Amino acid sequence: MLDFNVGIIGTGKYIPDKIISNHTLETMVDTTDEWITRRTGIKERHLLEEDVPSYTMGAIAAKQAISDAGITPEDVDLIIATTEAPDYLSPSMACLIQGEINAKNAAAFDVNAACTGFVYAMTIAQQFIQTGYYKHILIVSNEALSRIVDWKNRSTCILFGDAAGAIVLGKVDKEYGIKESYIASFGDLGHSITIPCCFVSEDEKKKRREGMEHTIWQDGSEVFAFAVRAMTDATNLVLEKAGISINDVDMVVPHQANLRIINGAAKRLGLNDEQICVILQDTGNISSASIPVALDISAKNGKLKKGDILVFVAFGGGLTCGSLCLSWGK
């Protein structure tokens with residue numbers, strides 16, 4: 001039996017200053033603030049300036065998390081970055097961040113599980129620390145989805161924004177940290193959300209405007225149905241594995257895609273408003289960054305206390321879903 005557990009010892013985030021409000025979108029595409037708010041709950045989203053590389057967001061969030069953990073960049077053994085819109089296919093986002101923060105002793109690689117990437121990365125990192133292979137692991141979820149959006153497609157451009165969130169995982173006392181996790185993939189539903197890269201099929205071209213072949217596309221109704229079901233099932237499953245009742249959960253931090261999805265899952269789970277962390281009205285859908293950004297905001301605002309039971313739950317392209325239950329140890 002291990003005499004320690006694996007938990008979050010530091011958090012950080014970066015949200016760009018540039019804001020695109022629903023009222024701004026009214027001047028760009030055929031939509032209204034009322035329609036966007038009613039359908040999604042989103043009021044504004046933040047965009048990275050076009051001449052700034054995306055990985056710099058992750059580097060800022062990473063430095064905050066490292067400082068919050070009370071360690072130095074040289075203490076980081078591994079960097080796992082999650083992203084759907086990397087600056088390069090090679091070098092990886094993780095390697096770019098490693099170089100930027102001078103984490104010279106860290107190995108680095110990317111994970112792409114779309115919006116579920118943060119939960120996947122935490123599950124992977126936990127194994128390295130439990131086995132004693134690494135001591136401190138930095139996870140950076142770095143998303144610049146504005147760069148893969150067709151800003152004339154009103155069904156997608158209203159949804160997405162840019163941000164980065166980061167955590168440091170390390171050893172904590174046994175009563176705190178990660179209790180259980182669950183990750184899953186449903187590749188047979190993969191074409192419900194697509195972002196072509198080195199190959200674009202004729203079917204994918206038909207879904208987009210000419211010249212927009214590498215932008216994000218999704219089947220909204222199919223994704224919505226999957227999301228509510230997946231978030232509900234993943235939450236129930238991880239709580240069952242951990243032997244915890246939904247009534248014992250202090251906060252659920254869901255992927256921030258759409259308020260109707262969050263509310264639909266919350267209703268099925270019997271959650272009240274005080275148990276759910278929601279930030280999407282101010283950020284839009286920031287993919288895998290949504291959970292760590294929401295977590296950092298909650299931590300810095302004093303909404304978390306030591307021993308609180310948290311559940312992270314997400315769904316995303318792939319299709320993927322995942323959940324993780326932990327006891328807050330900071």
# chains A, B, ... in the order shown; residues from 1 in each chain; ligands from 1

$ residues_around --residues "Phe186 of chain A" --least-positions-apart "6" --cutoff "8 Å" --atoms "only C-alpha atoms" --output "JSON, numbers by chain"
{"A": [318, 319, 320]}

$ write_last_selection --atoms "all heavy atoms" --output "PDB file, in the first residue's frame"
ATOM      1  N   GLY A 318     -13.889  12.900 -30.834  1.00  0.00           N
ATOM      2  CA  GLY A 318     -13.284  11.557 -30.799  1.00  0.00           C
ATOM      3  C   GLY A 318     -14.244  10.425 -31.138  1.00  0.00           C
ATOM      4  O   GLY A 318     -13.900   9.572 -31.903  1.00  0.00           O
ATOM      5  N   LEU A 319     -15.443  10.388 -30.590  1.00  0.00           N
ATOM      6  CA  LEU A 319     -15.874  11.133 -29.424  1.00  0.00           C
ATOM      7  C   LEU A 319     -15.265  10.530 -28.164  1.00  0.00           C
ATOM      8  O   LEU A 319     -14.971   9.339 -28.117  1.00  0.00           O
ATOM      9  CB  LEU A 319     -17.410  11.134 -29.299  1.00  0.00           C
ATOM     10  CG  LEU A 319     -18.163  11.856 -30.420  1.00  0.00           C
ATOM     11  CD1 LEU A 319     -19.662  11.757 -30.199  1.00  0.00           C
ATOM     12  CD2 LEU A 319     -17.775  13.318 -30.543  1.00  0.00           C
ATOM     13  N   THR A 320     -15.097  11.369 -27.142  1.00  0.00           N
ATOM     14  CA  THR A 320     -14.494  10.934 -25.893  1.00  0.00           C
ATOM     15  C   THR A 320     -15.315  11.453 -24.722  1.00  0.00           C
ATOM     16  O   THR A 320     -16.091  12.406 -24.852  1.00  0.00           O
ATOM     17  CB  THR A 320     -13.059  11.473 -25.739  1.00  0.00           C
ATOM     18  OG1 THR A 320     -13.108  12.912 -25.773  1.00  0.00           O
ATOM     19  CG2 THR A 320     -12.148  10.969 -26.834  1.00  0.00           C
TER      20      THR A 320
END

$ residues_around --residues "Asp51 of chain A" --least-positions-apart "4" --cutoff "12 Å" --atoms "only C-alpha atoms" --output "CSV table (one decimal) with all heavy atoms, in the first residue's frame"
chain,number,residue,atom,x,y,z
A,47,LEU,N,-10.3,36.1,-27.2
A,47,LEU,CA,-9.5,35.7,-28.4
A,47,LEU,C,-8.0,36.2,-28.2
A,47,LEU,O,-7.7,37.3,-27.8
A,47,LEU,CB,-10.0,36.3,-29.7
A,47,LEU,CG,-11.1,35.5,-30.4
A,47,LEU,CD1,-12.3,35.3,-29.5
A,47,LEU,CD2,-11.5,36.1,-31.7
A,56,THR,N,2.3,30.5,-25.9
A,56,THR,CA,2.6,31.5,-24.9
A,56,THR,C,1.6,31.6,-23.8
A,56,THR,O,1.9,31.9,-22.6
A,56,THR,CB,2.9,32.9,-25.5
A,56,THR,OG1,1.7,33.3,-26.2
A,56,THR,CG2,4.0,32.8,-26.5
A,87,ASP,N,0.1,25.0,-32.3
A,87,ASP,CA,0.9,25.9,-33.2
A,87,ASP,C,1.6,25.1,-34.3
A,87,ASP,O,1.7,25.5,-35.5
A,87,ASP,CB,1.9,26.7,-32.4
A,87,ASP,CG,1.3,27.7,-31.5
A,87,ASP,OD1,0.3,28.4,-31.9
A,87,ASP,OD2,1.6,27.7,-30.3
A,147,ARG,N,-8.7,30.1,-33.9
A,147,ARG,CA,-7.9,29.9,-35.1
A,147,ARG,C,-8.4,28.8,-36.0
A,147,ARG,O,-7.8,28.6,-37.1
A,147,ARG,CB,-6.4,29.7,-34.6
A,147,ARG,CG,-5.9,31.0,-33.9
A,147,ARG,CD,-4.5,30.9,-33.5
A,147,ARG,NE,-4.1,32.2,-33.0
A,147,ARG,CZ,-2.9,32.5,-32.5
A,147,ARG,NH1,-1.9,31.6,-32.5
A,147,ARG,NH2,-2.6,33.7,-32.1

$ select_by_dssp --residues "segment 103-222 of chain A" --states "alpha helix (DSSP H)" --output "PyMOL selection string"
chain A and resi 117-130+202-206+220-222

$ residues_around --residues "Met93 of chain A" --least-positions-apart "2" --cutoff "10 Å" --atoms "only C-alpha atoms" --output "short mmCIF file (atom, residue, chain, number, x, y, z; two decimals) with N, CA, C and O atoms, in the first residue's frame"
data_model
loop_
_atom_site.label_atom_id
_atom_site.label_comp_id
_atom_site.auth_asym_id
_atom_site.auth_seq_id
_atom_site.Cartn_x
_atom_site.Cartn_y
_atom_site.Cartn_z
N SER A 54 0.16 30.49 -29.82
CA SER A 54 -0.74 29.96 -28.81
C SER A 54 -0.01 29.46 -27.57
O SER A 54 -0.48 29.63 -26.44
N TYR A 55 1.16 28.84 -27.76
CA TYR A 55 1.83 28.21 -26.63
C TYR A 55 2.22 29.20 -25.53
O TYR A 55 2.44 28.81 -24.38
N THR A 56 2.28 30.50 -25.88
CA THR A 56 2.63 31.49 -24.86
C THR A 56 1.56 31.59 -23.78
O THR A 56 1.86 31.93 -22.63
N GLY A 58 -0.12 29.00 -22.62
CA GLY A 58 0.17 27.87 -21.75
C GLY A 58 1.37 28.11 -20.87
O GLY A 58 1.41 27.67 -19.71
N ALA A 59 2.37 28.81 -21.40
CA ALA A 59 3.57 29.10 -20.61
C ALA A 59 3.24 29.99 -19.42
O ALA A 59 3.75 29.79 -18.31
N ILE A 79 5.95 17.24 -18.64
CA ILE A 79 4.91 18.18 -19.07
C ILE A 79 3.99 17.45 -20.04
O ILE A 79 4.45 16.89 -21.04
N ILE A 80 2.70 17.45 -19.73
CA ILE A 80 1.69 16.92 -20.65
C ILE A 80 0.83 18.10 -21.07
O ILE A 80 0.22 18.77 -20.23
N ALA A 81 0.79 18.37 -22.36
CA ALA A 81 -0.05 19.44 -22.89
C ALA A 81 -1.25 18.83 -23.61
O ALA A 81 -1.13 17.80 -24.27
N THR A 82 -2.40 19.46 -23.47
CA THR A 82 -3.59 19.04 -24.20
C THR A 82 -4.04 20.19 -25.08
O THR A 82 -4.08 21.34 -24.65
N THR A 83 -4.38 19.87 -26.33
CA THR A 83 -4.77 20.91 -27.27
C THR A 83 -5.45 20.30 -28.49
O THR A 83 -5.15 19.18 -28.89
N ALA A 85 -5.73 22.66 -31.14
CA ALA A 85 -5.25 23.60 -32.16
C ALA A 85 -3.80 23.96 -31.90
O ALA A 85 -3.48 25.09 -31.51
N PRO A 86 -2.87 23.01 -32.08
CA PRO A 86 -1.47 23.28 -31.80
C PRO A 86 -0.87 24.27 -32.78
O PRO A 86 -1.32 24.38 -33.92
N ASP A 87 0.14 24.98 -32.33
CA ASP A 87 0.88 25.88 -33.23
C ASP A 87 1.58 25.08 -34.33
O ASP A 87 1.66 25.50 -35.47
N TYR A 88 2.11 23.92 -33.96
CA TYR A 88 2.80 23.02 -34.89
C TYR A 88 2.34 21.59 -34.61
O TYR A 88 1.97 21.26 -33.49
N LEU A 89 2.43 20.73 -35.61
CA LEU A 89 2.34 19.31 -35.34
C LEU A 89 3.64 18.84 -34.70
O LEU A 89 3.67 17.95 -33.86
N SER A 90 4.74 19.46 -35.11
CA SER A 90 6.04 19.24 -34.48
C SER A 90 6.84 20.53 -34.59
O SER A 90 6.91 21.11 -35.68
N PRO A 91 7.39 21.06 -33.51
CA PRO A 91 7.43 20.49 -32.16
C PRO A 91 6.07 20.51 -31.48
O PRO A 91 5.20 21.31 -31.83
N CYS A 95 6.53 20.58 -25.78
CA CYS A 95 7.94 20.94 -25.95
C CYS A 95 8.12 22.45 -26.07
O CYS A 95 9.09 23.01 -25.53
N LEU A 96 7.21 23.11 -26.76
CA LEU A 96 7.29 24.57 -26.87
C LEU A 96 7.15 25.22 -25.50
O LEU A 96 7.88 26.17 -25.17
N ILE A 97 6.21 24.73 -24.69
CA ILE A 97 6.03 25.27 -23.35
C ILE A 97 7.24 24.96 -22.48
O ILE A 97 7.71 25.81 -21.71
N GLN A 98 7.79 23.76 -22.61
CA GLN A 98 8.98 23.39 -21.84
C GLN A 98 10.12 24.38 -22.10
O GLN A 98 10.78 24.87 -21.18
N ALA A 108 8.38 15.79 -22.29
CA ALA A 108 7.20 16.55 -22.71
C ALA A 108 6.51 15.87 -23.88
O ALA A 108 7.17 15.45 -24.83
N PHE A 109 5.19 15.78 -23.79
CA PHE A 109 4.40 15.28 -24.93
C PHE A 109 2.99 15.81 -24.86
O PHE A 109 2.53 16.29 -23.81
N ASP A 110 2.29 15.73 -26.00
CA ASP A 110 0.90 16.20 -26.12
C ASP A 110 -0.08 15.04 -26.04
O ASP A 110 0.24 13.90 -26.42
N VAL A 111 -1.28 15.36 -25.57
CA VAL A 111 -2.42 14.44 -25.59
C VAL A 111 -3.57 15.15 -26.31
O VAL A 111 -3.89 16.29 -25.98
N VAL A 140 -0.75 21.15 -18.87
CA VAL A 140 -1.16 22.44 -19.44
C VAL A 140 -2.18 22.18 -20.55
O VAL A 140 -1.88 21.50 -21.53
N SER A 141 -3.37 22.72 -20.36
CA SER A 141 -4.42 22.63 -21.40
C SER A 141 -4.46 23.98 -22.10
O SER A 141 -4.85 24.99 -21.51
N ASN A 142 -4.04 23.98 -23.36
CA ASN A 142 -3.77 25.21 -24.10
C ASN A 142 -4.60 25.22 -25.38
O ASN A 142 -4.36 24.43 -26.28
#

$ residues_around --residues "Asn105 of chain A" --least-positions-apart "6" --cutoff "12 Å" --atoms "only C-alpha atoms" --output "list in words"
Thr72, Pro73, Glu74, Asp75, Val76, Asp77, Leu78, Ile79, Cys95, Gln98, Gly99, Tyr134, Lys135, His136 and Ile137 of chain A

$ residues_around --residues "segment 116-128 of chain A" --least-positions-apart "3" --cutoff "6 Å" --atoms "only C-alpha atoms" --output "ChimeraX atom specification"
/A:82,112-113,131,133-134,288,314-316,321

$ write_last_selection --atoms "N, CA, C and O atoms" --output "PDB file, in the first residue's frame"
ATOM      1  N   THR A  82      -2.397  19.465 -23.465  1.00  0.00           N
ATOM      2  CA  THR A  82      -3.588  19.036 -24.201  1.00  0.00           C
ATOM      3  C   THR A  82      -4.043  20.186 -25.083  1.00  0.00           C
ATOM      4  O   THR A  82      -4.076  21.338 -24.648  1.00  0.00           O
ATOM      5  N   ASN A 112      -4.167  14.463 -27.267  1.00  0.00           N
ATOM      6  CA  ASN A 112      -5.336  15.033 -27.935  1.00  0.00           C
ATOM      7  C   ASN A 112      -6.531  14.120 -27.716  1.00  0.00           C
ATOM      8  O   ASN A 112      -6.701  13.124 -28.412  1.00  0.00           O
ATOM      9  N   ALA A 113      -7.325  14.454 -26.714  1.00  0.00           N
ATOM     10  CA  ALA A 113      -8.627  13.817 -26.516  1.00  0.00           C
ATOM     11  C   ALA A 113      -9.695  14.895 -26.594  1.00  0.00           C
ATOM     12  O   ALA A 113     -10.735  14.807 -25.934  1.00  0.00           O
ATOM     13  N   THR A 131       3.702   5.182  -9.453  1.00  0.00           N
ATOM     14  CA  THR A 131       4.759   4.175  -9.605  1.00  0.00           C
ATOM     15  C   THR A 131       6.118   4.671  -9.139  1.00  0.00           C
ATOM     16  O   THR A 131       7.071   3.894  -9.071  1.00  0.00           O
ATOM     17  N   TYR A 133       7.870   6.863 -10.797  1.00  0.00           N
ATOM     18  CA  TYR A 133       8.675   7.223 -11.966  1.00  0.00           C
ATOM     19  C   TYR A 133       8.969   8.723 -11.986  1.00  0.00           C
ATOM     20  O   TYR A 133      10.076   9.147 -12.316  1.00  0.00           O
ATOM     21  N   TYR A 134       7.943   9.543 -11.649  1.00  0.00           N
ATOM     22  CA  TYR A 134       8.109  10.989 -11.584  1.00  0.00           C
ATOM     23  C   TYR A 134       7.545  11.524 -10.273  1.00  0.00           C
ATOM     24  O   TYR A 134       6.676  10.882  -9.653  1.00  0.00           O
ATOM     25  N   SER A 288     -10.393  21.739 -23.759  1.00  0.00           N
ATOM     26  CA  SER A 288      -9.793  21.064 -22.598  1.00  0.00           C
ATOM     27  C   SER A 288      -9.326  22.035 -21.527  1.00  0.00           C
ATOM     28  O   SER A 288      -9.061  21.634 -20.387  1.00  0.00           O
ATOM     29  N   ALA A 314     -16.088  15.584 -18.434  1.00  0.00           N
ATOM     30  CA  ALA A 314     -15.967  16.214 -19.746  1.00  0.00           C
ATOM     31  C   ALA A 314     -16.381  15.258 -20.858  1.00  0.00           C
ATOM     32  O   ALA A 314     -16.411  14.043 -20.675  1.00  0.00           O
ATOM     33  N   PHE A 315     -16.682  15.838 -22.003  1.00  0.00           N
ATOM     34  CA  PHE A 315     -16.918  15.097 -23.235  1.00  0.00           C
ATOM     35  C   PHE A 315     -16.253  15.886 -24.349  1.00  0.00           C
ATOM     36  O   PHE A 315     -15.979  17.084 -24.202  1.00  0.00           O
ATOM     37  N   GLY A 316     -15.990  15.235 -25.474  1.00  0.00           N
ATOM     38  CA  GLY A 316     -15.365  15.978 -26.563  1.00  0.00           C
ATOM     39  C   GLY A 316     -15.227  15.156 -27.818  1.00  0.00           C
ATOM     40  O   GLY A 316     -15.711  14.020 -27.910  1.00  0.00           O
ATOM     41  N   CYS A 321     -15.127  10.832 -23.572  1.00  0.00           N
ATOM     42  CA  CYS A 321     -15.647  11.390 -22.333  1.00  0.00           C
ATOM     43  C   CYS A 321     -14.768  10.902 -21.186  1.00  0.00           C
ATOM     44  O   CYS A 321     -13.980   9.963 -21.339  1.00  0.00           O
TER      45      CYS A 321
END

$ select_by_dssp --residues "segment 211-299 of chain A" --states "strand (DSSP E or B)" --output "ChimeraX atom specification"
/A:217-218,251-254,276,285

$ atom_distance --atom1 "atom CA of Ser327 of chain A" --atom2 "atom CA of Glu175 of chain A"
7.5 Å

$ residues_around --residues "Ile309 of chain A" --least-positions-apart "2" --cutoff "12 Å" --atoms "only C-alpha atoms" --output "ChimeraX atom specification"
/A:175-180,239,242,244-253,275,304-307,311-312,324-329

$ closest_atom_pairs --of "segment 154-180 of chain A" --to "segment 12-20 of chain A" --cutoff "10 Å" --atoms "only C-alpha atoms" --output "CSV"
residue,atom,partner,partner_atom,distance
A:Ile158,CA,A:Ile20,CA,9.3
A:Gly161,CA,A:Ile20,CA,8.8
A:Asp162,CA,A:Ile15,CA,7.0
A:Ala163,CA,A:Ile15,CA,4.7
A:Ala164,CA,A:Tyr14,CA,5.2
A:Gly165,CA,A:Lys13,CA,4.2
A:Ala166,CA,A:Gly12,CA,5.0
A:Ile167,CA,A:Gly12,CA,6.3
A:Val168,CA,A:Gly12,CA,9.0

$ closest_residue --among "A:Ser323, A:Ser192, A:Asn153, A:Thr235" --to "Met28 of chain A" --atoms "only C-alpha atoms"
A:Asn153

$ closest_residue --among "A:Cys157, A:Ala227, A:Ile291, A:Leu145" --to "Thr24 of chain A" --atoms "only C-alpha atoms"
A:Cys157

$ residues_around --residues "segment 208-211 of chain A" --least-positions-apart "4" --cutoff "9 Å" --atoms "only C-alpha atoms" --output "PyMOL selection string"
chain A and resi 150+153+204+215-217
